[in-house]
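Source file model_5.txt; content: compact mmCIF, C-alpha atoms.
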# COMPACT_ATOMS: atom_id res chain seq x y z
CA MET A 1 0.43 16.23 54.05
CA ARG A 2 -0.61 18.82 51.49
CA SER A 3 2.53 18.18 49.39
CA MET A 4 1.74 14.45 49.48
CA LYS A 5 -1.73 15.15 48.05
CA LEU A 6 -0.23 17.30 45.29
CA VAL A 7 2.24 14.55 44.36
CA ALA A 8 -0.60 12.00 44.26
CA LEU A 9 -2.76 14.34 42.18
CA GLY A 10 0.14 14.96 39.78
CA ALA A 11 0.75 11.22 39.41
CA LEU A 12 -2.94 10.60 38.68
CA SER A 13 -2.91 13.37 36.08
CA LEU A 14 0.09 11.83 34.32
CA LEU A 15 -1.53 8.38 34.35
CA SER A 16 -4.78 9.71 32.93
CA LEU A 17 -2.89 11.63 30.23
CA ALA A 18 -0.91 8.51 29.29
CA GLY A 19 -4.16 6.55 29.17
CA CYS A 20 -5.74 9.17 26.89
CA LEU A 21 -2.83 8.98 24.44
CA GLN A 22 -2.92 5.19 24.17
CA GLY A 23 -4.51 4.11 20.93
CA GLN A 24 -3.57 7.32 19.15
CA PRO A 25 -2.91 6.80 15.42
CA ARG A 26 0.72 6.30 14.45
CA LEU A 27 1.75 8.80 11.81
CA TYR A 28 4.74 8.01 9.56
CA ARG A 29 6.62 9.94 6.91
CA VAL A 30 7.64 7.30 4.38
CA ALA A 31 10.32 7.09 1.66
CA VAL A 32 9.47 4.36 -0.87
CA ASP A 33 11.99 2.97 -3.35
CA ALA A 34 9.69 2.64 -6.37
CA THR A 35 12.59 1.99 -8.75
CA PRO A 36 11.63 -1.68 -9.38
CA VAL A 37 8.20 -0.56 -10.68
CA ARG A 38 9.45 2.36 -12.76
CA THR A 39 12.18 0.30 -14.41
CA ILE A 40 10.39 -3.03 -15.02
CA ALA A 41 12.04 -4.74 -17.99
CA VAL A 42 10.47 -8.21 -17.81
CA PRO A 43 8.77 -9.09 -21.13
CA SER A 44 5.95 -11.06 -19.46
CA CYS A 45 4.88 -7.85 -17.67
CA PHE A 46 3.89 -6.37 -21.04
CA ARG A 47 1.14 -7.20 -23.50
CA ASN A 48 2.06 -10.02 -25.91
CA ASN A 49 5.35 -10.49 -24.00
CA ASN A 50 6.79 -7.54 -25.94
CA LEU A 51 9.18 -5.28 -24.05
CA PRO A 52 8.58 -1.69 -25.27
CA ALA A 53 11.45 -0.21 -27.26
CA GLY A 54 14.12 1.26 -25.00
CA ARG A 55 12.50 -0.08 -21.84
CA GLY A 56 15.58 -2.05 -20.76
CA ASN A 57 17.66 1.14 -20.91
CA ILE A 58 15.93 2.81 -17.93
CA THR A 59 18.06 2.98 -14.78
CA GLU A 60 17.54 4.92 -11.56
CA GLN A 61 19.53 5.36 -8.40
CA ASN A 62 18.61 6.94 -5.05
CA TYR A 63 15.20 8.31 -6.10
CA ARG A 64 12.46 7.84 -3.49
CA SER A 65 8.74 8.58 -3.46
CA GLU A 66 7.50 10.41 -0.38
CA ASP A 67 4.26 9.60 1.43
CA GLU A 68 2.51 10.06 4.73
CA TRP A 69 0.90 6.93 6.17
CA VAL A 70 -1.25 6.43 9.24
CA ILE A 71 -1.81 3.25 11.25
CA TRP A 72 -4.54 3.00 13.83
CA ASN A 73 -5.91 0.22 15.99
CA GLY A 74 -9.32 -1.37 15.56
CA THR A 75 -10.92 -3.98 17.78
CA ASP A 76 -9.00 -6.95 19.17
CA GLN A 77 -5.77 -7.32 17.16
CA THR A 78 -7.07 -5.56 14.02
CA GLU A 79 -5.16 -2.58 12.65
CA TYR A 80 -5.82 -0.26 9.74
CA LEU A 81 -3.32 1.31 7.35
CA ASP A 82 -4.20 4.50 5.51
CA LEU A 83 -1.90 4.90 2.48
CA GLY A 84 -3.94 7.69 0.96
CA THR A 85 -4.58 7.31 -2.77
CA GLN A 86 -1.96 5.15 -4.47
CA ILE A 87 -1.66 3.91 -8.06
CA PHE A 88 0.86 1.26 -9.07
CA ASN A 89 1.42 0.36 -12.74
CA LEU A 90 3.36 -2.85 -13.32
CA GLY A 91 4.10 -2.71 -17.02
CA ASP A 92 0.91 -3.54 -18.92
CA ALA A 93 -0.66 -5.56 -16.07
CA PRO A 94 -3.92 -4.35 -14.48
CA THR A 95 -3.41 -1.17 -12.47
CA ILE A 96 -3.32 -1.55 -8.69
CA ARG A 97 -5.40 1.25 -7.13
CA VAL A 98 -5.61 1.87 -3.39
CA SER A 99 -8.08 4.45 -2.11
CA ASP A 100 -9.42 2.74 1.00
CA LEU A 101 -7.98 1.63 4.32
CA ILE A 102 -6.19 -1.73 4.34
CA GLU A 103 -6.99 -4.01 7.25
CA GLY A 104 -4.30 -6.13 8.86
CA THR A 105 -2.80 -7.65 11.98
CA ASP A 106 0.68 -7.99 13.45
CA LYS A 107 2.24 -5.21 11.30
CA THR A 108 1.07 -6.79 8.01
CA PHE A 109 -1.70 -5.31 5.84
CA SER A 110 -3.09 -7.05 2.74
CA ALA A 111 -5.87 -6.26 0.29
CA LEU A 112 -7.15 -8.17 -2.75
CA ARG A 113 -9.47 -7.09 -5.55
CA ASN A 114 -11.03 -9.48 -8.10
CA GLU A 115 -12.99 -8.42 -11.17
CA GLN A 116 -14.62 -10.59 -13.81
CA LYS A 117 -16.02 -8.91 -16.88
CA PRO A 118 -18.07 -10.87 -19.44
CA ILE A 119 -17.54 -9.53 -22.97
CA ALA A 120 -20.75 -9.85 -24.99
CA ASP A 121 -21.30 -13.41 -23.73
CA GLN A 122 -18.30 -14.48 -25.84
CA TYR A 123 -15.54 -14.74 -23.22
CA THR A 124 -14.71 -13.38 -19.75
CA GLU A 125 -11.82 -11.18 -18.72
CA ALA A 126 -10.54 -11.72 -15.17
CA ARG A 127 -8.35 -9.24 -13.33
CA GLN A 128 -6.88 -9.61 -9.86
CA THR A 129 -4.79 -7.05 -8.00
CA GLN A 130 -3.17 -7.47 -4.61
CA ILE A 131 -1.08 -5.30 -2.30
CA SER A 132 0.62 -6.36 0.92
CA VAL A 133 2.46 -3.92 3.19
CA LYS A 134 4.66 -5.31 5.95
CA PHE A 135 6.41 -3.32 8.69
CA ASN A 136 9.36 -4.93 10.47
CA ASP A 137 8.36 -3.06 13.63
CA TYR A 138 6.66 0.14 14.82
CA SER A 139 9.82 1.83 16.06
CA ALA A 140 10.74 5.46 15.43
CA VAL A 141 12.42 4.43 12.14
CA PRO A 142 10.78 1.24 10.84
CA VAL A 143 11.54 -0.41 7.51
CA GLY A 144 9.36 -2.70 5.45
CA THR A 145 8.20 -3.96 2.07
CA ILE A 146 5.30 -3.46 -0.31
CA ALA A 147 4.48 -6.58 -2.34
CA LEU A 148 2.47 -5.94 -5.52
CA ASN A 149 0.77 -8.49 -7.75
CA ALA A 150 -1.43 -7.85 -10.81
CA GLN A 151 -2.86 -10.72 -12.86
CA TYR A 152 -4.87 -10.88 -16.09
CA ALA A 153 -6.60 -13.92 -17.56
CA CYS A 154 -9.08 -14.47 -20.36
CA ILE A 155 -11.56 -17.30 -19.93
CA LYS A 156 -12.70 -18.75 -23.25
CA GLY A 157 -16.44 -19.01 -23.78
CA ARG A 158 -18.33 -19.14 -27.05
CA ALA A 159 -15.45 -17.46 -28.82
CA ASP A 160 -11.68 -17.48 -28.50
CA CYS A 161 -10.02 -14.80 -26.43
CA PRO A 162 -8.49 -11.96 -28.47
CA VAL A 163 -4.74 -12.14 -28.96
CA GLY A 164 -2.03 -9.90 -30.33
CA ASP A 165 -2.96 -6.26 -30.82
CA ALA A 166 -6.63 -7.14 -30.31
CA SER A 167 -5.99 -8.10 -26.69
CA PRO A 168 -6.74 -5.50 -23.97
CA GLN A 169 -4.08 -2.94 -23.05
CA ASP A 170 -3.70 -4.55 -19.59
CA ALA A 171 -3.49 -8.16 -20.82
CA ALA A 172 -0.37 -9.08 -18.85
CA SER A 173 0.53 -10.37 -15.39
CA CYS A 174 3.30 -8.97 -13.23
CA SER A 175 4.54 -8.72 -9.65
CA SER A 176 7.08 -6.56 -7.87
CA SER A 177 8.35 -5.74 -4.40
CA LEU A 178 9.30 -2.30 -3.07
CA ASN A 179 11.27 -1.37 0.04
CA PHE A 180 10.43 1.55 2.29
CA VAL A 181 11.91 3.41 5.24
CA ALA A 182 9.66 5.41 7.55
CA ARG A 183 10.05 7.98 10.29
CA ARG A 184 7.44 8.21 13.03
CA ILE A 185 6.08 11.70 13.57
CA ASP A 186 5.25 12.44 17.19
CA VAL A 187 1.74 13.84 17.38
CA GLN A 188 -0.34 15.61 19.95
CA GLN A 189 -3.82 14.39 20.81
CA MET A 190 -5.41 16.82 18.33
CA THR A 191 -2.83 16.60 15.52
CA ALA A 192 -4.50 16.47 12.09
CA TYR A 193 -3.00 14.44 9.28
CA ASN A 194 -3.27 14.53 5.52
CA ASN A 195 -2.73 11.25 3.69
CA ASN A 196 -1.97 12.98 0.39
CA PRO A 197 0.93 15.36 1.20

Would you give me this structure, written as structure tokens?
Amino acid sequence: MRSMKLVALGALSLLSLAGCLQGQPRLYRVAVDATPVRTIAVPSCFRNNNLPAGRGNITEQNYRSEDEWVIWNGTDQTEYLDLGTQIFNLGDAPTIRVSDLIEGTDKTFSALRNEQKPIADQYTEARQTQISVKFNDYSAVPVGTIALNAQYACIKGRADCPVGDASPQDAASCSSSLNFVARRIDVQQMTAYNNNP
């Protein structure tokens, strides 16, 4: 009888421990193939559609950027992705900066930033940046993609928008897609993480 009580107590302990660990953040070590961003050679991604000298000569093979990402559950189906601080430069297009959590559902996380800046009541510069991170699954070794999009537009007002060398340094629009491979790191209930390794 006593052994039966010990077995029951042990089973309850295991169930309560499993219940406590549900909802724990998922921590991933990530290798990102940033080659498409570092080697962009599309003229429209640069100011005045001018490819910088020697830009088309850049090639890379097998280099990967390393990161540590965390995914945790919110309410209902909402999830949050912590990429740490990330900066993506797509040629001369507006810089994509990520410093906050990205909200998502069903293994897909997307964030959009719009900025409109009137210039002395003459014209308005509009910049839009977007990032979308998609995991194929949450297995021990998931793969996925990072879609990047940076757009610039000048809205004519009382004066014409500046062109040529007078245009802003980020007066271009560009998009790119990066692949990543991750490895889940098994954590204990009190494991700390650092999103900027």

Can you check which parts of region 111-178 of chain A lie within 12 Å of region 55-73 of chain A? Per residue, the shortest pair of atoms and distance in Å to one decimal, counting only C-alpha atoms, sorted by chain and number, as a Markdown table.
| residue | atom | partner | partner_atom | distance |
| --- | --- | --- | --- | --- |
| A:Val133 | CA | A:Trp69 | CA | 11.4 |
| A:Lys134 | CA | A:Ile71 | CA | 12.0 |
| A:Phe135 | CA | A:Ile71 | CA | 10.8 |
| A:Tyr138 | CA | A:Ile71 | CA | 9.7 |
| A:Leu178 | CA | A:Arg64 | CA | 10.6 |

Checklist entry - What is the distance between CA of Ala41 (chain A) and CA of Ala153 (chain A), in Å to one decimal? => result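 Taking CA of Ala41 (chain A) and CA of Ala153 (chain A), their separation equals 20.8 Å.
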
Item to check | Surrounding residues of region 76-78 of chain A excluding itself and chain neighbours under 5 positions, 9 Å, only C-alpha atoms, as a ChimeraX atom specification | outcome: /A:103-106

Output of the above residues as a PDB file, in the coordinates of the input, restricted to C-alpha atoms:
ATOM      1  CA  GLU A 103      -6.990  -4.010   7.250  1.00  0.00           C
ATOM      2  CA  GLY A 104      -4.300  -6.130   8.860  1.00  0.00           C
ATOM      3  CA  THR A 105      -2.800  -7.650  11.980  1.00  0.00           C
ATOM      4  CA  ASP A 106       0.680  -7.990  13.450  1.00  0.00           C
TER       5      ASP A 106
END

Next on the checklist: Would you compute the distance between CA of Arg183 (chain A) and CA of Ala150 (chain A)? Give it in Å to one decimal.
Outcome noted: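 One can read the CA of Arg183 (chain A) to CA of Ala150 (chain A) distance as 28.8 Å.
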
Next on the checklist: Would you compute the distance between CA of Asn136 (chain A) and CA of Gln86 (chain A)? Give it in Å to one decimal.
Outcome noted: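 It comes out at 21.3 Å.
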
Checklist entry - Closest to Val30 (chain A) among A:Gln116, A:Ser167, A:Thr145, A:Gln151, using only C-alpha atoms? => result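 Counting only C-alpha atoms, the residue closest to Val30 (chain A) is A:Thr145.
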
Checklist entry - So, counting all atoms listed in the file, which residue among A:Ala140, A:Pro118, A:Ser175, A:Val181 is closest to Asp33 (chain A)? => result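 Smallest separation from Asp33 (chain A) among the options: A:Val181.
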
Checklist entry - Nearest to Arg38 (chain A): which of A:Lys107, A:Ser177, A:Ser139, A:Pro94 is it, counting all atoms listed in the file? => result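 Of all the options, A:Ser177 lies closest to Arg38 (chain A).
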
Checklist entry - For Thr129 (chain A), which residue among A:Cys161, A:Ala34, A:Val141, A:Ala93 is the nearest when counting only C-alpha atoms? => result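 Comparing A:Cys161, A:Ala34, A:Val141, A:Ala93 against Thr129 (chain A), the winner is A:Ala93.
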
Checklist entry - Quick one: of A:Ala159, A:Ala147, A:Val37, A:Ile131, who's nearest to Arg113 (chain A), counting all atoms listed in the file? => result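 For Arg113 (chain A), the nearest of the candidates is A:Ile131.
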
Checklist entry - Which residue gives the smallest distance to Pro36 (chain A) among A:Asn49, A:Thr85, A:Asn179, A:Gln24, with only C-alpha atoms counted? => result A:Asn179

Item to check | Spatial neighbours of Pro162 (chain A), max dist 10 Å, all atoms listed in the file, sep filter under 5 positions, as a list in words | outcome: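 Listing them by chain and then by number gives Tyr123, Cys154, Lys156, Ser167, Pro168 and Ala171 of chain A.
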
Checklist entry - What residues have an atom no more than 12 Å from (4.3, -7.2, -21.5) in the file's own frame, counting all atoms listed in the file, and can you write them as a PyMOL selection string? => result chain A and resi 40-53+55+89-94+151-152+164-165+167-175

With all atoms of region 122-138 of chain A from the file as input, state the centre and edge lengths in Å to one decimal of the axis-aligned box that has 3 Å extra on each side, as lines of an AutoDock Vina configuration file.
center_x = -4.5
center_y = -7.3
center_z = -5.5
size_x = 33.7
size_y = 20.9
size_z = 46.7

Would you kindly place N, CA and C atoms on region 35-56 of chain A and return the model as a compact mmCIF listing (two decimals), in the frame of the given file?
# COMPACT_ATOMS: atom_id res chain seq x y z
N THR A 35 11.77 2.28 -7.57
CA THR A 35 12.59 1.99 -8.75
C THR A 35 12.21 0.68 -9.44
N PRO A 36 11.97 -0.43 -8.69
CA PRO A 36 11.63 -1.68 -9.38
C PRO A 36 10.37 -1.58 -10.25
N VAL A 37 9.42 -0.73 -9.88
CA VAL A 37 8.20 -0.56 -10.68
C VAL A 37 8.48 0.33 -11.89
N ARG A 38 9.20 1.41 -11.66
CA ARG A 38 9.45 2.36 -12.76
C ARG A 38 10.38 1.82 -13.82
N THR A 39 11.18 0.81 -13.46
CA THR A 39 12.18 0.30 -14.41
C THR A 39 11.93 -1.16 -14.81
N ILE A 40 10.70 -1.63 -14.66
CA ILE A 40 10.39 -3.03 -15.02
C ILE A 40 10.82 -3.30 -16.46
N ALA A 41 11.58 -4.36 -16.66
CA ALA A 41 12.04 -4.74 -17.99
C ALA A 41 11.86 -6.24 -18.21
N VAL A 42 10.79 -6.78 -17.65
CA VAL A 42 10.47 -8.21 -17.81
C VAL A 42 9.41 -8.34 -18.91
N PRO A 43 9.72 -9.01 -20.01
CA PRO A 43 8.77 -9.09 -21.13
C PRO A 43 7.37 -9.57 -20.74
N SER A 44 7.26 -10.53 -19.82
CA SER A 44 5.95 -11.06 -19.46
C SER A 44 5.07 -10.03 -18.74
N CYS A 45 5.66 -8.92 -18.30
CA CYS A 45 4.88 -7.85 -17.67
C CYS A 45 4.21 -6.94 -18.70
N PHE A 46 4.44 -7.21 -19.98
CA PHE A 46 3.89 -6.37 -21.04
C PHE A 46 3.03 -7.21 -21.98
N ARG A 47 2.08 -6.54 -22.59
CA ARG A 47 1.14 -7.20 -23.50
C ARG A 47 1.89 -7.94 -24.60
N ASN A 48 1.47 -9.16 -24.88
CA ASN A 48 2.06 -10.02 -25.91
C ASN A 48 3.53 -10.34 -25.65
N ASN A 49 3.96 -10.22 -24.39
CA ASN A 49 5.35 -10.49 -24.00
C ASN A 49 6.35 -9.64 -24.79
N ASN A 50 5.93 -8.43 -25.17
CA ASN A 50 6.79 -7.54 -25.94
C ASN A 50 7.28 -6.40 -25.06
N LEU A 51 8.58 -6.37 -24.81
CA LEU A 51 9.18 -5.28 -24.05
C LEU A 51 9.18 -4.03 -24.93
N PRO A 52 8.58 -2.92 -24.46
CA PRO A 52 8.58 -1.69 -25.27
C PRO A 52 9.99 -1.26 -25.64
N ALA A 53 10.14 -0.65 -26.78
CA ALA A 53 11.45 -0.21 -27.26
C ALA A 53 12.11 0.71 -26.25
N GLY A 54 13.36 0.44 -25.93
CA GLY A 54 14.12 1.26 -25.00
C GLY A 54 13.83 1.01 -23.53
N ARG A 55 12.88 0.13 -23.24
CA ARG A 55 12.50 -0.08 -21.84
C ARG A 55 13.66 -0.61 -20.99
N GLY A 56 14.46 -1.48 -21.52
CA GLY A 56 15.58 -2.05 -20.76
C GLY A 56 16.70 -1.06 -20.49
